[in-house]
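**Student:** For reference, the file data-v7.txt (compact mmCIF, C-alpha atoms) is included below:
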# COMPACT_ATOMS: atom_id res chain seq x y z
CA MET D 303 -32.74 78.39 21.52
CA THR D 304 -36.48 77.97 21.06
CA HIS D 305 -38.63 75.40 22.87
CA HIS D 306 -39.07 73.46 19.61
CA SER D 307 -35.31 73.45 18.99
CA ILE D 308 -34.62 72.05 22.48
CA ARG D 309 -37.17 69.28 21.93
CA ALA D 310 -35.56 68.44 18.59
CA VAL D 311 -32.08 68.22 20.14
CA PHE D 312 -33.27 65.89 22.92
CA GLY D 313 -35.07 63.79 20.34
CA ILE D 314 -31.90 63.32 18.33
CA LEU D 315 -29.93 62.48 21.49
CA GLY D 316 -32.52 59.86 22.39
CA ILE D 317 -32.24 58.22 18.98
CA CYS D 318 -28.43 58.19 19.22
CA LEU D 319 -28.59 56.63 22.70
CA SER D 320 -30.96 53.91 21.50
CA LEU D 321 -28.70 53.10 18.57
CA ALA D 322 -25.67 52.90 20.86
CA VAL D 323 -27.45 50.47 23.17
CA PHE D 324 -28.57 48.36 20.22
CA VAL D 325 -25.06 48.18 18.75
CA SER D 326 -23.60 47.34 22.16
CA ASP D 327 -26.14 44.57 22.76
CA SER D 328 -25.62 43.20 19.26
CA GLY D 329 -21.85 43.21 19.66
CA GLY D 330 -22.12 41.53 23.03
CA GLN D 331 -24.43 38.89 21.65
CA GLN D 332 -22.09 38.27 18.70
CA ALA D 333 -19.14 37.92 21.08
CA ALA D 334 -21.14 35.45 23.17
CA ASN D 335 -22.04 33.48 20.06
CA ASN D 336 -18.39 33.40 18.96
CA SER D 337 -17.34 32.26 22.42
CA ALA D 338 -19.96 29.50 22.40
CA THR D 339 -18.75 28.36 18.98
CA LEU D 340 -15.15 28.28 20.19
CA ARG D 341 -16.10 26.25 23.26
CA SER D 342 -18.11 23.75 21.26
CA THR D 343 -15.31 23.10 18.75
CA SER D 344 -12.71 22.80 21.51
CA SER D 345 -14.59 20.37 23.75
CA PRO D 346 -13.65 16.69 23.64
CA GLU D 347 -16.08 14.48 21.75
CA THR D 348 -16.41 11.01 23.17
CA GLY D 349 -18.10 7.68 22.71
CA SER D 350 -20.31 7.43 19.65
CA ASP D 351 -19.35 10.98 18.62
CA ALA D 352 -15.69 10.06 18.15
CA LYS D 353 -15.01 9.18 14.55
CA PRO D 354 -13.48 5.78 13.69
CA ILE D 355 -9.94 6.08 12.36
CA PRO D 356 -9.21 3.86 9.34
CA ASP D 357 -6.27 1.49 9.61
CA VAL D 358 -4.83 2.47 6.23
CA SER D 359 -1.34 1.48 5.14
CA VAL D 360 1.12 4.41 5.33
CA ILE D 361 4.88 4.88 5.06
CA ASP D 362 6.77 6.79 7.73
CA GLN D 363 9.73 9.16 7.29
CA ASN D 364 12.13 6.24 7.70
CA GLY D 365 10.54 4.26 4.87
CA ARG D 366 8.79 1.76 7.14
CA ARG D 367 5.35 0.49 6.23
CA ARG D 368 2.90 1.15 9.08
CA HIS D 369 -0.81 0.67 9.75
CA PHE D 370 -2.06 4.09 10.76
CA TYR D 371 -4.51 3.16 13.49
CA THR D 372 -2.96 -0.06 14.82
CA ASP D 373 0.64 1.14 14.91
CA LEU D 374 0.33 4.87 15.57
CA VAL D 375 -2.95 5.62 17.35
CA LYS D 376 -4.36 2.59 19.14
CA GLN D 377 -4.43 2.99 22.94
CA LYS D 378 -2.40 6.22 22.72
CA VAL D 379 -2.82 9.97 23.04
CA VAL D 380 -1.74 11.57 19.77
CA ALA D 381 -1.69 15.06 18.27
CA VAL D 382 -2.06 15.03 14.50
CA ASN D 383 -1.34 17.89 12.10
CA PHE D 384 -1.51 18.08 8.31
CA VAL D 385 1.40 19.40 6.27
CA TYR D 386 3.28 19.15 2.98
CA THR D 387 6.96 19.76 2.39
CA THR D 388 6.71 22.38 -0.41
CA CYS D 389 4.36 24.56 1.66
CA ASN D 390 5.82 27.96 2.59
CA THR D 391 2.84 29.42 4.46
CA ILE D 392 1.25 27.60 7.41
CA CYS D 393 3.28 24.37 7.38
CA PRO D 394 6.61 25.74 8.71
CA PRO D 395 4.84 27.26 11.75
CA LEU D 396 2.97 23.98 12.28
CA GLY D 397 6.28 22.12 12.17
CA ALA D 398 7.93 24.60 14.52
CA THR D 399 5.07 24.20 17.01
CA PHE D 400 5.44 20.42 17.00
CA GLY D 401 9.18 20.88 17.47
CA LYS D 402 8.54 22.96 20.59
CA LEU D 403 5.92 20.50 21.84
CA GLN D 404 8.58 17.80 22.09
CA LYS D 405 10.14 19.83 24.92
CA SER D 406 7.04 21.34 26.51
CA LEU D 407 5.40 17.92 26.93
CA GLY D 408 8.39 16.83 28.98
CA GLU D 409 8.46 13.19 30.03
CA HIS D 410 5.04 12.58 28.44
CA PHE D 411 6.46 12.96 24.92
CA GLY D 412 7.24 9.62 23.30
CA LYS D 413 5.83 7.77 26.28
CA ASP D 414 2.24 8.91 26.88
CA VAL D 415 1.84 11.35 24.00
CA PHE D 416 2.93 11.03 20.38
CA LEU D 417 2.97 13.47 17.46
CA ILE D 418 1.91 12.59 13.92
CA SER D 419 2.19 14.67 10.75
CA ILE D 420 0.22 13.47 7.73
CA SER D 421 1.24 14.67 4.26
CA VAL D 422 -1.62 16.21 2.31
CA ASP D 423 0.54 15.91 -0.84
CA PRO D 424 1.61 12.26 -0.84
CA ALA D 425 2.42 12.31 -4.57
CA THR D 426 5.32 14.69 -3.82
CA ASP D 427 6.21 13.90 -0.23
CA THR D 428 8.50 10.89 -0.20
CA PRO D 429 9.81 9.54 3.11
CA ASP D 430 13.17 11.26 2.43
CA ARG D 431 11.46 14.62 1.87
CA LEU D 432 9.45 14.24 5.06
CA ARG D 433 12.53 13.31 7.06
CA SER D 434 14.47 16.32 5.74
CA TRP D 435 11.53 18.63 6.40
CA ALA D 436 11.11 17.39 9.98
CA ALA D 437 14.85 17.70 10.66
CA GLN D 438 14.47 21.50 10.39
CA PHE D 439 12.38 21.36 13.56
CA GLY D 440 14.50 18.87 15.48
CA ALA D 441 12.10 15.93 15.09
CA GLN D 442 12.83 13.14 17.56
CA ALA D 443 11.53 9.63 18.13
CA GLY D 444 7.89 10.05 19.10
CA TRP D 445 7.10 12.31 16.15
CA THR D 446 6.08 10.26 13.11
CA LEU D 447 5.51 11.72 9.65
CA VAL D 448 3.58 9.67 7.12
CA THR D 449 2.89 9.55 3.41
CA GLY D 450 1.67 6.75 1.15
CA ASP D 451 -0.66 5.86 -1.66
CA LYS D 452 -2.69 8.92 -2.64
CA MET D 453 -6.05 7.12 -2.51
CA GLU D 454 -5.31 5.65 0.92
CA ILE D 455 -4.07 8.98 2.29
CA ASN D 456 -7.14 10.73 0.90
CA ARG D 457 -9.36 8.18 2.64
CA LEU D 458 -7.51 8.85 5.88
CA LEU D 459 -7.71 12.64 5.48
CA LYS D 460 -11.44 12.44 4.79
CA ALA D 461 -12.03 10.34 7.91
CA LEU D 462 -10.07 12.85 9.98
CA GLY D 463 -11.93 15.83 8.53
CA SER D 464 -8.97 17.29 6.69
CA ASP D 465 -9.58 16.41 3.05
CA THR D 466 -9.26 19.37 0.68
CA ALA D 467 -9.44 20.05 -3.04
CA SER D 468 -5.73 20.96 -3.07
CA PRO D 469 -2.81 20.91 -0.59
CA GLU D 470 -2.72 24.71 -0.58
CA SER D 471 -6.19 24.92 0.94
CA HIS D 472 -5.63 22.57 3.88
CA SER D 473 -6.49 23.70 7.39
CA PRO D 474 -4.05 24.48 10.25
CA MET D 475 -6.18 22.29 12.48
CA VAL D 476 -4.57 19.89 14.96
CA LEU D 477 -6.54 16.79 15.90
CA ILE D 478 -5.94 15.47 19.42
CA VAL D 479 -7.02 11.89 20.08
CA ASN D 480 -7.15 9.93 23.32
CA ASP D 481 -7.89 6.50 21.92
CA LYS D 482 -8.14 4.83 25.34
CA ARG D 483 -11.01 7.17 26.22
CA ALA D 484 -12.53 7.16 22.71
CA ALA D 485 -12.20 10.96 22.77
CA TRP D 486 -10.94 13.52 20.30
CA LYS D 487 -11.02 17.25 19.66
CA ARG D 488 -9.82 19.76 17.11
CA VAL D 489 -7.77 22.81 18.07
CA TYR D 490 -6.17 25.69 16.18
CA GLY D 491 -2.64 24.69 15.23
CA LEU D 492 -1.15 28.15 14.77
CA GLY D 493 -1.58 29.22 18.38
CA SER D 494 1.19 29.00 20.95
CA SER D 495 2.86 25.68 21.67
CA ALA D 496 2.04 26.24 25.35
CA ALA D 497 -1.70 26.44 24.60
CA LEU D 498 -1.53 23.32 22.45
CA SER D 499 0.43 21.53 25.16
CA ARG D 500 -2.30 22.38 27.69
CA SER D 501 -4.97 20.98 25.37
CA ILE D 502 -3.00 17.76 24.97
CA GLU D 503 -2.49 17.45 28.73
CA GLN D 504 -6.22 17.94 29.29
CA MET D 505 -6.94 15.07 26.92
CA LEU D 506 -4.28 12.99 28.63
CA ALA D 507 -5.97 13.59 31.99
CA LEU D 508 -9.45 12.47 30.92
CA PRO D 509 -10.89 9.94 33.38
CA SER D 510 -11.29 6.37 32.31
CA VAL D 511 -14.63 5.24 30.92
CA ARG D 512 -15.20 3.06 34.00
CA ALA D 513 -14.47 5.96 36.37
CA SER D 514 -16.94 8.15 34.47
CA GLU D 515 -19.62 5.48 34.70
CA LYS D 516 -19.06 5.09 38.48
CA ALA D 517 -19.36 8.86 38.95
CA LYS D 518 -22.81 8.75 37.37
Since I need it in another form, could you write the structure as C-alpha cells?

**Tutor:**
Amino acid sequence: MTHHSIRAVFGILGICLSLAVFVSDSGGQQAANNSATLRSTSSPETGSDAKPIPDVSVIDQNGRRRHFYTDLVKQKVVAVNFVYTTCNTICPPLGATFGKLQKSLGEHFGKDVFLISISVDPATDTPDRLRSWAAQFGAQAGWTLVTGDKMEINRLLKALGSDTASPESHSPMVLIVNDKRAAWKRVYGLGSSAALSRSIEQMLALPSVRASEKAK
C-alpha cells in the first residue's frame, strides 16, 4: 500500500470516528431530553398551577345525581381515567388496571383513595352501561363511573385536559389529584398497575401545606 493510500485510509477512519461520536452524543442528548420531559409531566403540580375542577352535575353508575367536585373529589385523593363502553382498544386495559388497583391499594382504597372513570361518550353511556362495563373488572364501592349531559361532561373533560374531537381519539392518561394538598399530576394509564399504585401513594404521602411552609 502506498503512502498516499495509507493517509487516505486513516482519513476515512477519522471521519467515521467523528460521525460515531456525533451520533452517540446526539442520541444521549435526545435521551436526556426525553427523560426531562417525562419527569416534568410526572411531577406533581401544586398551588396556583393546579387547575380548578368544575362542580358539574353528573350521574353515577347507580343512577344517582352527583356534583363532581363536591361529592367525588373535594378533600380526597382520586385517580381519574377516561373511558367509553363501546371502546375495544385502550379502555378495557384501563378498566383492568383500575380493577387491579382496588387490591394493590389495600386499605387505602375506598378510604383514603378513590377511583373515578368519566365517560367520554355520555350520549351512549347510560348508568346501566357503565355499571355493566365496570362489572367486568370487579368494580367495588370506591370506584365511581360517571356520565351525564354532554355539554356538562365536555366542560368537565376540557377542564381536566381530556377533551377530544371524538371518543376514539381520547388519551390513556390518568389524572391523580390530592385535593387537600391542591396537587395533581398526569401519568400514563397503560403502564403496570403497580407503577400507577406507586404514583398514587406518592401523591397520598405529600406533606400538608402547613408542613411545607414550616420547612421553608

**Student:** So that each row is one residue of region 436-491 of chain D with an atom at most 7 Å from region 393-402 of chain D, can you give its shortest atom pair and the distance in Å to one decimal, using all atoms listed in the file, rows by chain and rising number, as a tab-separated table?

**Tutor:**
residue	atom	partner	partner_atom	distance
D:Phe439	CA	D:Gly401	CA	5.1
D:Gly440	CA	D:Gly401	CA	6.0
D:Ala441	CA	D:Gly401	CA	6.2
D:Gly491	CA	D:Leu396	CA	6.4

**Student:** In Å to one decimal, how far is CA of Glu503 (chain D) from CA of Asn456 (chain D)?

**Tutor:**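 If I compute the distance from CA of Asn456 (chain D) to CA of Glu503 (chain D), I get 29.0 Å.
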
**Student:** Closest to Ala496 (chain D) among D:Ile392, D:Ile355, D:Val476, D:Leu407, using only C-alpha atoms?

**Tutor:**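 Checking each of D:Ile392, D:Ile355, D:Val476, D:Leu407 against Ala496 (chain D), counting only C-alpha atoms, the winner is D:Leu407.
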
**Student:** Of the candidates D:Glu409, D:Ala381, D:Thr426, D:Leu508, which one gets nearest to Leu477 (chain D) if we count only C-alpha atoms?

**Tutor:** D:Ala381

**Student:** Nearest residue to Thr391 (chain D) out of D:Ile455, D:Ala461, D:Ala436, D:Leu492, using only C-alpha atoms?

**Tutor:**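 Going through D:Ile455, D:Ala461, D:Ala436, D:Leu492 one by one, the smallest distance to Thr391 (chain D) is for D:Leu492.
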
**Student:** Between D:Asn390, D:Gln504, D:Ser421, D:Asn480, which is the closest to Val375 (chain D) once you count only C-alpha atoms?

**Tutor:** D:Asn480

**Student:** Restricting the calculation to only C-alpha atoms: of D:Ser468, D:Gln438, D:Ser473, D:Thr449, which residue gets closest to Phe370 (chain D)?

**Tutor:** D:Thr449

**Student:** Find the residue from D:Val358, D:Ile502, D:Ala497, D:Cys389 that sits nearest to Asp373 (chain D); use all atoms listed in the file when measuring.

**Tutor:**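 Checking each candidate against Asp373 (chain D), we get D:Val358 as the closest.
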
**Student:** Which residues are close to Ser501 (chain D), i.e. within 12 Å by all atoms listed in the file, leaving aside same-chain residues fewer than 6 positions away? Reply as a VMD selection string.

**Tutor:** chain D and resid 344 to 346 379 to 381 403 407 415 476 to 480 486 to 491 493 to 495 507 to 508

**Student:** With all atoms of region 400-406 of chain D from the file as input, state the centre and edge lengths in Å to one decimal of the axis-aligned box that has 8 Å extra on each side, as AutoDock Vina command-line options.

**Tutor:**
--center_x 7.8 --center_y 20.4 --center_z 21.8 --size_x 20.7 --size_y 21.2 --size_z 25.5

**Student:** List every protein, DNA or RNA residue that has at least one atom no more than 8 Å from (-4.0, 0.1, 6.3) in the file's coordinates, counting all atoms listed in the file, and write the result as a list of chain:residue names.

**Tutor:**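 All residues meeting the 8 Å criterion around (-4.0, 0.1, 6.3) are D:Pro356, D:Asp357, D:Val358, D:Ser359, D:Val360, D:Arg368, D:His369, D:Phe370, D:Tyr371, D:Glu454.
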
**Student:** Enter the distance from CA of Leu459 (chain D) to CA of Ala484 (chain D), in Å, rounded to one decimal.

**Tutor:**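 We find that CA of Leu459 (chain D) and CA of Ala484 (chain D) lie 18.7 Å from each other.
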
**Student:** Report as a list in words all protein, DNA and RNA residues lying within 7 Å of Ser419 (chain D), evaluated on only C-alpha atoms, omitting residues in the same chain fewer than 2 positions from it.

**Tutor:**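 Near neighbours after the sequence-gap exclusion: Val382, Asn383, Phe384, Val385, Leu417, Ser421, Thr446, Leu447 and Val448 of chain D.
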
**Student:** For CA of Gln377 (chain D) and CA of Trp445 (chain D), quote the distance in Å rounded to one decimal.

**Tutor:** 16.3 Å

**Student:** What residues have an atom no more than 10 Å from (12.1, 12.9, 7.1) in the file's own frame, counting all atoms listed in the file, and can you write them as a CSV table (one decimal) with C-alpha atoms, in the frame of the given file?

**Tutor:**
chain,number,residue,atom,x,y,z
D,362,ASP,CA,6.8,6.8,7.7
D,363,GLN,CA,9.7,9.2,7.3
D,364,ASN,CA,12.1,6.2,7.7
D,365,GLY,CA,10.5,4.3,4.9
D,387,THR,CA,7.0,19.8,2.4
D,427,ASP,CA,6.2,13.9,-0.2
D,428,THR,CA,8.5,10.9,-0.2
D,429,PRO,CA,9.8,9.5,3.1
D,430,ASP,CA,13.2,11.3,2.4
D,431,ARG,CA,11.5,14.6,1.9
D,432,LEU,CA,9.4,14.2,5.1
D,433,ARG,CA,12.5,13.3,7.1
D,434,SER,CA,14.5,16.3,5.7
D,435,TRP,CA,11.5,18.6,6.4
D,436,ALA,CA,11.1,17.4,10.0
D,437,ALA,CA,14.8,17.7,10.7
D,438,GLN,CA,14.5,21.5,10.4
D,441,ALA,CA,12.1,15.9,15.1
D,446,THR,CA,6.1,10.3,13.1
D,447,LEU,CA,5.5,11.7,9.6
D,448,VAL,CA,3.6,9.7,7.1
